[in-house]
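Visitor: Sending over data01.cif (mmCIF, C-alpha atoms and all ligand atoms).
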```
data_work
loop_
_atom_site.label_atom_id
_atom_site.label_comp_id
_atom_site.auth_asym_id
_atom_site.auth_seq_id
_atom_site.Cartn_x
_atom_site.Cartn_y
_atom_site.Cartn_z
CA MET U 287 13.50 -21.17 -4.75
CA PRO U 288 15.87 -20.93 -7.73
CA GLY U 289 15.85 -18.28 -10.42
CA ASN U 290 16.37 -14.58 -10.78
CA LYS U 291 13.68 -11.93 -10.97
CA TYR U 292 13.17 -12.36 -14.73
CA PHE U 293 12.52 -16.05 -14.34
CA HIS U 294 10.03 -15.30 -11.54
CA MET U 295 8.50 -12.46 -13.51
CA LEU U 296 7.54 -14.76 -16.39
CA ARG U 297 6.17 -17.30 -13.95
CA LEU U 298 4.16 -14.70 -12.02
CA MET U 299 2.82 -13.04 -15.15
CA ARG U 300 1.46 -16.38 -16.36
CA ASN U 301 -0.17 -17.06 -12.98
CA GLU U 302 -2.58 -14.14 -13.34
CA LYS U 303 -4.77 -16.09 -15.74
CA ARG U 304 -4.38 -19.63 -14.43
CA PRO U 305 -7.61 -21.41 -13.47
CA LEU U 306 -8.59 -20.52 -9.91
CA ALA U 307 -8.56 -24.16 -8.81
CA GLU U 308 -4.91 -24.44 -9.87
CA LEU U 309 -4.05 -21.29 -7.97
CA ARG U 310 -5.77 -22.64 -4.85
CA ASN U 311 -3.66 -25.79 -5.16
CA ILE U 312 -0.51 -23.70 -5.38
CA GLN U 313 -1.60 -21.78 -2.27
CA ASN U 314 -2.35 -24.93 -0.30
CA GLU U 315 0.92 -26.55 -1.28
CA LYS U 316 2.94 -23.47 -0.41
CA LEU U 317 1.02 -23.06 2.84
CA ARG U 318 1.77 -26.61 3.99
CA ARG U 319 5.45 -26.15 3.22
CA LEU U 320 5.59 -22.83 5.02
CA ILE U 321 3.81 -24.08 8.13
CA ASP U 322 6.04 -27.13 8.31
CA HIS U 323 9.12 -24.93 7.97
CA ALA U 324 7.96 -22.39 10.56
CA TYR U 325 7.13 -25.13 13.05
CA HIS U 326 10.50 -26.82 12.72
CA HIS U 327 12.81 -23.86 12.22
CA VAL U 328 11.31 -20.63 13.57
CA PRO U 329 11.07 -20.55 17.39
CA PHE U 330 8.43 -17.79 17.45
CA TYR U 331 5.94 -19.92 15.51
CA ARG U 332 6.97 -23.19 17.10
CA GLU U 333 6.15 -21.79 20.50
CA ARG U 334 2.81 -20.42 19.34
CA PHE U 335 1.79 -23.62 17.64
CA LYS U 336 2.70 -25.62 20.71
CA LYS U 337 0.72 -23.31 22.98
CA THR U 338 -2.37 -23.93 20.89
CA ASN U 339 -1.63 -27.64 20.50
CA LEU U 340 -1.17 -27.29 16.78
CA HIS U 341 0.89 -29.57 14.65
CA PRO U 342 1.77 -28.86 10.98
CA ASP U 343 -0.39 -31.84 10.00
CA ASP U 344 -3.42 -29.90 11.28
CA ILE U 345 -2.93 -27.29 8.54
CA ARG U 346 -3.63 -28.91 5.19
CA THR U 347 -5.51 -26.18 3.32
CA ILE U 348 -6.44 -22.53 3.61
CA ASP U 349 -9.60 -23.55 5.45
CA ASP U 350 -7.43 -24.74 8.34
CA LEU U 351 -5.72 -21.37 8.70
CA GLN U 352 -8.23 -20.20 11.26
CA LYS U 353 -6.75 -22.59 13.78
CA ILE U 354 -3.61 -20.44 13.87
CA PRO U 355 -3.65 -17.31 16.06
CA VAL U 356 -3.54 -13.95 14.27
CA ILE U 357 -0.49 -11.79 15.00
CA ASP U 358 0.57 -8.25 14.24
CA LYS U 359 3.60 -5.99 14.47
CA ASP U 360 3.32 -5.82 18.27
CA ASP U 361 3.90 -9.56 18.58
CA PHE U 362 7.10 -9.23 16.59
CA HIS U 363 8.21 -6.28 18.72
CA GLN U 364 7.94 -8.38 21.84
CA SER U 365 10.23 -11.06 20.43
CA GLU U 366 13.95 -11.30 19.78
CA ASN U 367 15.13 -11.31 16.17
CA SER U 368 16.77 -14.67 16.74
CA ASP U 369 13.34 -16.19 17.51
CA LEU U 370 11.74 -14.70 14.42
CA ILE U 371 14.29 -15.86 11.88
CA ASP U 372 14.87 -19.31 10.44
CA LYS U 373 17.30 -20.73 12.98
CA LYS U 374 19.26 -22.55 10.28
CA ILE U 375 20.61 -19.14 9.26
CA LYS U 376 23.88 -18.62 11.06
CA ASN U 377 24.94 -15.28 9.70
CA ILE U 378 22.29 -12.60 9.73
CA ASP U 379 24.61 -10.25 7.80
CA GLN U 380 24.05 -12.37 4.71
CA LEU U 381 20.37 -11.47 4.72
CA ILE U 382 18.68 -8.47 3.23
CA THR U 383 17.20 -6.21 5.90
CA LEU U 384 13.85 -4.65 5.07
CA HIS U 385 11.94 -2.02 6.99
CA THR U 386 8.32 -1.09 7.29
CA SER U 387 7.41 2.54 6.90
CA GLY U 388 6.64 3.35 10.49
CA SER U 389 3.78 5.62 9.44
CA SER U 390 1.89 3.93 12.27
CA GLY U 391 4.54 5.17 14.64
CA LYS U 392 5.92 1.65 14.81
CA THR U 393 8.61 0.39 12.51
CA LEU U 394 9.60 -3.20 11.95
CA HIS U 395 12.85 -4.67 10.68
CA PHE U 396 12.50 -7.96 8.92
CA PHE U 397 14.63 -10.10 6.67
CA ALA U 398 14.72 -11.83 3.31
CA ASP U 399 17.28 -14.12 1.76
CA HIS U 400 18.55 -13.42 -1.74
CA GLY U 401 16.29 -16.02 -3.35
CA TYR U 402 13.11 -14.55 -1.89
CA ASN U 403 14.33 -11.06 -2.67
CA GLN U 404 14.31 -11.95 -6.37
CA ILE U 405 10.68 -13.06 -6.03
CA ARG U 406 9.89 -9.75 -4.32
CA LYS U 407 11.40 -7.85 -7.22
CA ALA U 408 9.31 -9.82 -9.70
CA GLN U 409 6.23 -9.28 -7.54
CA PHE U 410 6.94 -5.57 -7.51
CA LEU U 411 7.15 -5.40 -11.29
CA ARG U 412 4.16 -7.58 -12.20
CA PRO U 413 1.35 -5.01 -11.87
CA TYR U 414 3.18 -2.60 -14.15
CA LEU U 415 4.18 -5.13 -16.78
CA THR U 416 0.83 -6.86 -17.11
CA ASN U 417 -0.88 -3.49 -17.26
CA GLY U 418 1.03 -2.33 -20.29
CA ASN U 419 4.43 -1.11 -19.10
CA GLY U 420 6.65 -2.18 -22.01
CA LEU U 421 10.19 -3.41 -21.37
CA PHE U 422 11.66 -0.43 -23.21
CA ASP U 423 9.17 2.24 -22.15
CA ARG U 424 10.47 5.44 -20.65
CA VAL U 425 9.26 5.44 -17.05
CA LEU U 426 9.39 8.43 -14.73
CA TRP U 427 9.17 7.43 -11.10
CA PHE U 428 8.64 9.90 -8.25
CA ARG U 429 10.09 8.38 -5.10
CA ALA U 430 10.76 9.36 -1.51
CA THR U 431 14.38 8.33 -1.98
CA PRO U 432 15.39 8.21 -5.63
CA ARG U 433 18.32 5.84 -6.07
CA SER U 434 21.66 7.27 -7.06
CA LYS U 435 23.07 4.41 -9.17
CA GLN U 436 21.55 2.87 -12.25
CA PRO U 437 21.51 -0.95 -12.31
CA PHE U 438 23.17 -2.73 -15.23
CA HIS U 439 19.99 -3.76 -17.09
CA GLU U 440 18.82 -0.15 -17.09
CA ARG U 441 22.06 0.99 -18.66
CA LEU U 442 21.10 -1.30 -21.53
CA GLY U 443 17.78 0.52 -21.74
CA PHE U 444 15.81 -2.42 -20.35
CA LEU U 445 13.07 -1.64 -17.76
CA LYS U 446 14.62 1.76 -17.40
CA THR U 447 13.28 4.28 -14.90
CA TYR U 448 14.11 7.93 -14.41
CA GLN U 449 13.72 8.71 -10.75
CA LEU U 450 12.91 12.02 -9.14
CA ASP U 451 12.25 13.18 -5.60
CA ALA U 452 8.55 12.90 -4.80
CA GLY U 453 8.84 15.82 -2.40
CA MET U 454 10.30 18.41 -4.76
CA ASP U 455 8.48 21.50 -6.04
CA PRO U 456 5.58 20.36 -8.26
CA LEU U 457 6.47 22.96 -10.88
CA ILE U 458 9.93 21.43 -11.25
CA GLN U 459 8.36 17.98 -11.44
CA ILE U 460 6.03 19.19 -14.19
CA LYS U 461 9.00 20.66 -16.09
CA SER U 462 10.73 17.27 -15.92
CA ILE U 463 7.68 15.61 -17.43
CA GLN U 464 7.63 18.17 -20.23
CA THR U 465 11.29 17.47 -20.95
CA LEU U 466 11.29 13.69 -20.57
CA LYS U 467 7.89 12.96 -22.11
CA PRO U 468 7.59 9.62 -20.24
CA ALA U 469 5.36 6.82 -21.52
CA MET U 470 4.58 5.78 -17.93
CA MET U 471 4.77 7.43 -14.55
CA ARG U 472 4.81 5.97 -11.07
CA GLY U 473 4.54 7.48 -7.63
CA TYR U 474 2.32 8.47 -4.73
CA GLY U 475 -1.16 9.66 -5.56
CA SER U 476 -0.49 12.80 -3.52
CA THR U 477 2.53 13.71 -5.68
CA PHE U 478 0.44 13.51 -8.86
CA HIS U 479 -2.48 15.21 -7.14
CA LEU U 480 -0.34 18.21 -6.30
CA MET U 481 1.03 18.43 -9.84
CA ALA U 482 -2.48 18.02 -11.26
CA SER U 483 -3.69 20.85 -9.08
CA LYS U 484 -0.99 23.18 -10.46
CA ILE U 485 -1.54 22.02 -14.05
CA LEU U 486 -5.25 22.77 -13.87
CA GLU U 487 -4.87 26.00 -11.91
CA GLU U 488 -2.27 27.47 -14.24
CA ASN U 489 -3.45 25.78 -17.41
CA ILE U 490 -0.09 24.12 -18.06
CA SER U 491 0.25 21.75 -20.97
CA VAL U 492 1.95 18.38 -20.33
CA PRO U 493 2.55 15.49 -22.71
CA PRO U 494 0.09 12.78 -21.59
CA PRO U 495 1.71 9.50 -20.49
CA ARG U 496 -0.07 6.26 -21.42
CA ILE U 497 -0.64 5.35 -17.77
CA ILE U 498 0.02 6.79 -14.33
CA PHE U 499 0.57 4.14 -11.67
CA THR U 500 -0.09 5.27 -8.12
CA ASP U 501 0.79 3.40 -4.96
CA SER U 502 1.27 3.47 -1.17
CA GLU U 503 -1.57 5.82 -0.25
CA LEU U 504 -5.31 5.64 -0.25
CA LEU U 505 -6.39 7.19 -3.55
CA SER U 506 -9.69 9.03 -3.34
CA THR U 507 -12.03 9.10 -6.32
CA ALA U 508 -11.79 12.89 -6.44
CA SER U 509 -8.01 12.74 -6.45
CA ARG U 510 -7.98 10.11 -9.18
CA ARG U 511 -10.32 12.19 -11.35
CA LYS U 512 -8.22 15.28 -10.90
CA ILE U 513 -5.02 13.45 -11.91
CA GLU U 514 -6.73 11.88 -14.92
CA LYS U 515 -8.12 15.22 -16.02
CA ALA U 516 -4.85 17.12 -15.68
CA PHE U 517 -2.67 14.47 -17.32
CA GLN U 518 -5.28 13.32 -19.84
CA THR U 519 -4.61 9.70 -19.03
CA ARG U 520 -5.79 6.89 -16.81
CA VAL U 521 -4.63 5.96 -13.34
CA ILE U 522 -3.94 2.41 -12.21
CA ASP U 523 -3.53 2.05 -8.46
CA VAL U 524 -1.30 -0.60 -6.90
CA TYR U 525 -1.54 -1.83 -3.32
CA GLY U 526 1.43 -3.26 -1.50
CA THR U 527 3.02 -3.21 1.90
CA PHE U 528 6.66 -3.49 2.92
CA GLU U 529 5.96 -6.85 4.49
CA THR U 530 4.35 -8.30 1.38
CA GLU U 531 5.53 -6.28 -1.66
CA ASN U 532 2.88 -5.48 -4.31
CA VAL U 533 -0.05 -7.80 -3.65
CA ALA U 534 -3.14 -6.21 -5.17
CA TYR U 535 -3.57 -4.04 -8.20
CA GLU U 536 -6.09 -2.60 -10.56
CA CYS U 537 -6.39 -3.43 -14.23
CA HIS U 538 -7.80 -1.34 -17.08
CA LYS U 539 -11.34 -2.44 -16.16
CA HIS U 540 -11.16 -0.83 -12.70
CA GLU U 541 -13.50 -3.37 -11.14
CA GLY U 542 -11.33 -3.71 -8.04
CA TYR U 543 -7.81 -4.77 -7.08
CA HIS U 544 -6.59 -8.18 -8.25
CA MET U 545 -5.12 -10.10 -5.33
CA ALA U 546 -1.78 -11.82 -5.97
CA ILE U 547 -2.90 -15.11 -4.50
CA ASP U 548 0.12 -16.96 -5.85
CA CYS U 549 2.30 -14.97 -3.43
CA VAL U 550 0.06 -14.35 -0.43
CA ILE U 551 -3.07 -15.60 1.24
CA MET U 552 -5.30 -12.67 2.12
CA GLU U 553 -8.00 -13.07 4.73
CA PHE U 554 -10.52 -10.41 5.68
CA LEU U 555 -11.45 -10.54 9.34
CA LYS U 556 -13.74 -8.66 11.65
CA GLU U 557 -13.08 -9.28 15.32
CA GLY U 558 -11.21 -12.41 14.33
CA ASN U 559 -13.95 -13.87 12.14
CA PRO U 560 -14.00 -14.01 8.34
CA VAL U 561 -16.34 -11.50 6.73
CA LYS U 562 -18.65 -12.24 3.81
CA PRO U 563 -18.03 -10.85 0.30
CA GLY U 564 -18.68 -7.11 0.27
CA GLU U 565 -18.26 -6.74 4.03
CA VAL U 566 -15.38 -4.73 5.43
CA GLY U 567 -12.64 -6.57 7.28
CA GLU U 568 -9.05 -6.13 8.32
CA ILE U 569 -6.55 -7.62 5.90
CA VAL U 570 -4.60 -10.52 7.38
CA PHE U 571 -1.68 -11.79 5.29
CA THR U 572 0.19 -15.04 5.04
CA VAL U 573 3.26 -14.46 2.90
CA LEU U 574 3.92 -17.67 1.01
CA ASP U 575 7.56 -17.34 -0.06
CA ASN U 576 9.46 -15.78 2.84
CA TYR U 577 10.96 -18.67 4.80
CA THR U 578 13.62 -16.56 6.45
CA PHE U 579 11.18 -14.38 8.37
CA PRO U 580 7.70 -15.87 7.97
CA PHE U 581 4.54 -13.81 8.16
CA ILE U 582 1.72 -16.18 9.02
CA ARG U 583 -1.71 -14.66 9.66
CA TYR U 584 -0.23 -11.21 10.05
CA ASN U 585 -2.77 -8.44 10.59
CA ILE U 586 -1.70 -5.35 8.68
CA HIS U 587 -4.71 -3.36 10.01
CA ASP U 588 -5.77 -2.08 6.60
CA LEU U 589 -9.45 -2.32 5.80
CA ALA U 590 -10.81 -3.88 2.65
CA ALA U 591 -13.68 -5.90 1.25
CA TYR U 592 -13.37 -8.75 -1.22
CA THR U 593 -15.79 -9.88 -3.86
CA ASP U 594 -16.34 -13.30 -5.40
CA ARG U 595 -17.32 -11.71 -8.72
CA PRO U 596 -14.70 -12.24 -11.43
CA CYS U 597 -13.21 -9.31 -13.31
CA SER U 598 -14.13 -8.83 -16.95
CA CYS U 599 -10.46 -8.44 -17.93
CA GLY U 600 -9.88 -12.19 -17.88
CA ARG U 601 -7.44 -12.34 -14.96
CA THR U 602 -8.46 -15.06 -12.53
CA PHE U 603 -6.94 -13.36 -9.50
CA PRO U 604 -9.93 -12.46 -7.30
CA LEU U 605 -10.87 -8.86 -6.56
CA MET U 606 -10.93 -6.70 -3.46
CA LYS U 607 -11.55 -3.05 -2.74
CA ILE U 608 -9.49 -1.04 -0.31
CA ILE U 609 -11.69 0.84 2.08
CA ALA U 610 -9.36 2.66 4.41
CA GLY U 611 -5.78 2.86 5.48
CA ARG U 612 -4.41 1.60 8.71
CA MET U 613 -6.82 1.36 11.59
CA TYR U 614 -4.86 3.88 13.63
CA ASP U 615 -5.91 6.54 11.16
CA TYR U 616 -9.11 6.68 13.12
CA ALA U 617 -10.34 9.79 14.87
CA LYS U 618 -11.54 9.54 18.45
CA LYS U 619 -14.77 11.07 19.77
CA SER U 620 -15.40 12.31 23.29
CA ASP U 621 -17.39 9.18 24.17
CA GLY U 622 -14.32 7.10 23.30
CA THR U 623 -15.67 5.76 20.02
CA LYS U 624 -13.41 5.69 17.00
CA ILE U 625 -14.55 6.82 13.60
CA SER U 626 -12.85 6.54 10.26
CA SER U 627 -10.92 9.67 9.40
CA THR U 628 -12.55 9.72 5.96
CA PRO U 629 -15.60 11.81 7.00
CA LEU U 630 -13.17 14.40 8.36
CA THR U 631 -11.27 14.66 5.13
CA SER U 632 -13.55 13.61 2.30
CA HIS U 633 -15.41 16.95 2.07
CA MET U 634 -12.08 18.58 1.29
CA TRP U 635 -11.51 16.38 -1.72
CA PHE U 636 -14.13 18.53 -3.42
CA LEU U 637 -12.46 21.81 -2.54
CA GLY U 638 -9.68 21.26 -5.07
CA LYS U 639 -10.26 24.68 -6.57
CA TYR U 640 -9.21 26.31 -3.29
CA ILE U 641 -6.85 23.77 -1.80
CA HIS U 642 -3.76 22.15 -3.28
CA GLU U 643 -3.22 19.88 -0.34
CA PHE U 644 -4.37 19.49 3.25
CA GLN U 645 -3.77 17.53 6.41
CA VAL U 646 -6.16 17.23 9.33
CA ILE U 647 -4.51 16.68 12.71
CA GLN U 648 -6.53 15.62 15.73
CA GLU U 649 -4.57 17.17 18.57
CA ASP U 650 -7.02 16.24 21.28
CA ILE U 651 -10.65 15.22 21.57
CA ASP U 652 -12.54 18.12 19.97
CA GLN U 653 -9.35 19.92 18.98
CA PHE U 654 -8.13 19.94 15.40
CA SER U 655 -5.51 21.65 13.30
CA VAL U 656 -5.90 21.77 9.56
CA LEU U 657 -2.85 22.46 7.44
CA ILE U 658 -3.75 23.86 4.05
CA VAL U 659 -1.63 24.64 1.00
CA PRO U 660 -3.97 27.15 -0.65
CA THR U 661 -4.50 27.83 -4.33
CA LYS U 662 -4.88 31.43 -5.50
CA PHE U 663 -8.66 31.03 -5.16
CA TYR U 664 -8.58 30.20 -1.45
CA SER U 665 -10.84 32.42 0.65
CA ASP U 666 -12.70 32.60 3.97
CA LYS U 667 -15.58 30.89 2.22
CA ALA U 668 -13.36 27.85 1.59
CA ALA U 669 -12.21 27.94 5.23
CA LYS U 670 -15.85 27.79 6.37
CA LYS U 671 -16.39 24.73 4.17
CA VAL U 672 -13.33 23.05 5.67
CA GLU U 673 -14.67 23.66 9.19
CA LYS U 674 -18.19 22.59 8.33
CA GLY U 675 -17.06 19.09 7.36
CA ILE U 676 -15.36 18.61 10.70
CA TYR U 677 -18.27 20.11 12.70
CA GLN U 678 -20.57 17.50 11.19
CA ASN U 679 -18.80 14.82 13.20
CA PHE U 680 -17.36 16.97 15.97
CA PRO U 681 -19.91 19.74 16.64
CA LYS U 682 -17.93 21.10 19.60
CA ALA U 683 -14.57 21.04 17.87
CA LYS U 684 -12.06 23.86 18.14
CA ILE U 685 -10.48 24.11 14.70
CA LYS U 686 -7.34 26.03 13.77
CA ILE U 687 -6.54 26.43 10.10
CA HIS U 688 -2.91 27.04 9.17
CA LEU U 689 -2.03 28.13 5.65
CA VAL U 690 1.34 26.65 4.75
CA ASP U 691 3.61 26.39 1.72
CA GLN U 692 3.99 22.65 1.99
CA ILE U 693 3.02 19.67 4.11
CA LYS U 694 5.74 17.47 5.49
CA ARG U 695 5.79 13.85 4.38
CA GLU U 696 6.21 10.96 6.78
CA ALA U 697 9.65 9.40 7.25
CA SER U 698 8.73 6.92 4.51
CA GLY U 699 8.01 9.76 2.10
CA LYS U 700 4.30 8.99 2.21
CA PHE U 701 1.71 11.70 2.49
CA ILE U 702 -1.15 11.21 4.90
CA ASP U 703 -4.21 13.43 5.01
CA PHE U 704 -5.10 12.63 8.60
CA LYS U 705 -2.99 12.31 11.71
CA THR U 706 -3.87 11.82 15.32
CA LEU U 707 -1.77 12.95 18.26
CA LEU U 708 -3.97 11.00 20.66
CA THR U 709 -2.68 7.76 22.05
CA ARG U 710 -3.30 5.07 19.52
CA PRO U 711 -5.58 2.19 20.38
ZN ZN U 801 -9.25 -7.12 -14.08
#
```
What would you get if you wrote out this structure as structure tokens?

Guide:
Amino acid sequence: MPGNKYFHMLRLMRNEKRPLAELRNIQNEKLRRLIDHAYHHVPFYRERFKKTNLHPDDIRTIDDLQKIPVIDKDDFHQSENSDLIDKKIKNIDQLITLHTSGSSGKTLHFFADHGYNQIRKAQFLRPYLTNGNGLFDRVLWFRATPRSKQPFHERLGFLKTYQLDAGMDPLIQIKSIQTLKPAMMRGYGSTFHLMASKILEENISVPPPRIIFTDSELLSTASRRKIEKAFQTRVIDVYGTFETENVAYECHKHEGYHMAIDCVIMEFLKEGNPVKPGEVGEIVFTVLDNYTFPFIRYNIHDLAAYTDRPCSCGRTFPLMKIIAGRMYDYAKKSDGTKISSTPLTSHMWFLGKYIHEFQVIQEDIDQFSVLIVPTKFYSDKAAKKVEKGIYQNFPKAKIKIHLVDQIKREASGKFIDFKTLLTRP
């Protein structure tokens, strides 16, 4: 597809409010083209389609998608790169290599050509721009790996970002905000949570930005409230994955996350079957613009529920709500059942007075470690509350609490509040 990111950005920004029927047509058209391409040029899909006796003509609209088998990262791992990439591409070095975070313990390399990469960049920017990030606003962005060189357009002051390490001392981060006085901030919810905790504990004054955009992690209501209170502003959360770029985002109405249906098809499946509105399912993506390394019915193992109710902001992109992170964030009980990690962590969201940050680690069935970065108010009473929440689900648990200065981020820079050392399902 021709055009640079600015061309795509204008196109994508307009799409948000197009009539739904038009957007469905765009999806169907892109889907047909993608399926045809994958069948003829990508051995991995060709083989799968043949196995299930599928021909591109069988896939005319989204309703036909269910005929195609669902895949996930494991399927890609079992295949050679050469089978996963458009076989017309002779020189892989000309492609852009992208990586998934590996927070699941499994990384994935995949590829994009330069054309699609421009679409990705536009897709990345859309949630910020349509939510009020002005082209000349001063943006402070806390990242796992801040870039070292400023691109040309930023040197002209256009879409400029100041980037800082998300993992640095929160007090230094707060100082930078006081100095820079950004109009917008971006980063992980956990980075802002930690700063918010310090700001409230030590009564620090910070110049309020117009908006804080959070991303990459599951943002709890308690965490959101704390950030909004400390920074005296509102939080807009953005959902994206490495495989898809930013594909769902909140607006100022906070009625859910708008799905970028011009770029992806999102299905919500439970045991392979579509769920009804409001029911929780695993998100399965079809990425509509990556022809180099197609993702067709790719299960990302995040849980969400969609709604067919429109948002009052006027965007036509339908809404969903993220329920939980990756499925492997589940805790295991002695009878072998898996439960969401949220009941093991959610009680601690309300202990913000005592705890800056925490991480629950399931080391074995009925054996947990809890890492805690304490505030000055932390006490044995708080420790009892921490344990009580875990006992509710694991009455026989052995719990060790470790008070630490900081909690290590994942290789991606992401913070996770629950980890399991048990073999993943
Ligand atoms: Zn909206």

Visitor: Which residues of chain U come within 9 Å of ligand ZN 801 (chain U), and for each one, what is the closest pair of atoms and their distance in Å to one decimal, counting all atoms listed in the file, sorted by chain and residue number, as JSON lines?

Guide:
```
{"residue": "U:Tyr535", "atom": "CA", "partner": "U:ZN801", "partner_atom": "ZN", "distance": 8.7}
{"residue": "U:Glu536", "atom": "CA", "partner": "U:ZN801", "partner_atom": "ZN", "distance": 6.5}
{"residue": "U:Cys537", "atom": "CA", "partner": "U:ZN801", "partner_atom": "ZN", "distance": 4.7}
{"residue": "U:His538", "atom": "CA", "partner": "U:ZN801", "partner_atom": "ZN", "distance": 6.7}
{"residue": "U:Lys539", "atom": "CA", "partner": "U:ZN801", "partner_atom": "ZN", "distance": 5.5}
{"residue": "U:His540", "atom": "CA", "partner": "U:ZN801", "partner_atom": "ZN", "distance": 6.7}
{"residue": "U:Glu541", "atom": "CA", "partner": "U:ZN801", "partner_atom": "ZN", "distance": 6.4}
{"residue": "U:Gly542", "atom": "CA", "partner": "U:ZN801", "partner_atom": "ZN", "distance": 7.2}
{"residue": "U:Tyr543", "atom": "CA", "partner": "U:ZN801", "partner_atom": "ZN", "distance": 7.5}
{"residue": "U:His544", "atom": "CA", "partner": "U:ZN801", "partner_atom": "ZN", "distance": 6.5}
{"residue": "U:Pro596", "atom": "CA", "partner": "U:ZN801", "partner_atom": "ZN", "distance": 7.9}
{"residue": "U:Cys597", "atom": "CA", "partner": "U:ZN801", "partner_atom": "ZN", "distance": 4.6}
{"residue": "U:Ser598", "atom": "CA", "partner": "U:ZN801", "partner_atom": "ZN", "distance": 5.9}
{"residue": "U:Cys599", "atom": "CA", "partner": "U:ZN801", "partner_atom": "ZN", "distance": 4.2}
{"residue": "U:Gly600", "atom": "CA", "partner": "U:ZN801", "partner_atom": "ZN", "distance": 6.4}
{"residue": "U:Arg601", "atom": "CA", "partner": "U:ZN801", "partner_atom": "ZN", "distance": 5.6}
{"residue": "U:Thr602", "atom": "CA", "partner": "U:ZN801", "partner_atom": "ZN", "distance": 8.1}
{"residue": "U:Phe603", "atom": "CA", "partner": "U:ZN801", "partner_atom": "ZN", "distance": 8.1}
{"residue": "U:Pro604", "atom": "CA", "partner": "U:ZN801", "partner_atom": "ZN", "distance": 8.7}
{"residue": "U:Leu605", "atom": "CA", "partner": "U:ZN801", "partner_atom": "ZN", "distance": 7.9}
```

Visitor: With C-alpha atoms retained, write the just-selected residues as a compact mmCIF listing (two decimals), keeping the file's coordinate frame.

Guide:
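Everything below was put into part-v8.txt:
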```
# COMPACT_ATOMS: atom_id res chain seq x y z
CA TYR U 535 -3.57 -4.04 -8.20
CA GLU U 536 -6.09 -2.60 -10.56
CA CYS U 537 -6.39 -3.43 -14.23
CA HIS U 538 -7.80 -1.34 -17.08
CA LYS U 539 -11.34 -2.44 -16.16
CA HIS U 540 -11.16 -0.83 -12.70
CA GLU U 541 -13.50 -3.37 -11.14
CA GLY U 542 -11.33 -3.71 -8.04
CA TYR U 543 -7.81 -4.77 -7.08
CA HIS U 544 -6.59 -8.18 -8.25
CA PRO U 596 -14.70 -12.24 -11.43
CA CYS U 597 -13.21 -9.31 -13.31
CA SER U 598 -14.13 -8.83 -16.95
CA CYS U 599 -10.46 -8.44 -17.93
CA GLY U 600 -9.88 -12.19 -17.88
CA ARG U 601 -7.44 -12.34 -14.96
CA THR U 602 -8.46 -15.06 -12.53
CA PHE U 603 -6.94 -13.36 -9.50
CA PRO U 604 -9.93 -12.46 -7.30
CA LEU U 605 -10.87 -8.86 -6.56
```

Visitor: Which neighbours of Arg319 in chain U fall inside 12 Å, counting all atoms listed in the file, when residues of the same chain fewer than 5 positions from it are skipped, and could you give them as a ChimeraX atom specification?

Guide: /U:312-314,324-327,342-343,345-347,573-577,580

Visitor: For a test of reading the model, state the distance in Å between CA of Leu555 in chain U and CA of Val533 in chain U, rounded to one decimal.

Guide: 17.5 Å

Visitor: Would you please work out which residue, of U:Ser509, U:Gln678, U:Gln653, U:Asn403, is nearest to Gly475 in chain U when using all atoms listed in the file?

Guide: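 Using all atoms listed in the file, Gly475 in chain U sits closest to U:Ser509.
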
Visitor: Give me the residues within 10 Å of range 415-423 of chain U as a VMD selection string, counting all atoms listed in the file and dropping any in the same chain fewer than 3 places off.

Guide: chain U and resid 295 298 to 300 302 408 410 to 412 426 440 442 to 447 468 to 471 496 to 497 499 522 535 to 538

Visitor: Under the rule that all atoms listed in the file are counted, which of U:Ile551, U:Ile348, U:Ile641, U:Leu630 is the nearest residue to Ala683 in chain U?

Guide: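 Counting all atoms listed in the file, the residue closest to Ala683 in chain U is U:Leu630.
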
Visitor: Pick from U:Tyr616, U:Tyr414, U:Phe554, U:Tyr474: nearest to Leu589 in chain U, with all atoms listed in the file counted?

Guide: U:Phe554

Visitor: Between U:Met552, U:Arg304, U:Leu309, U:Ile371, single out the one closest to Arg332 in chain U, counting all atoms listed in the file.

Guide: U:Ile371
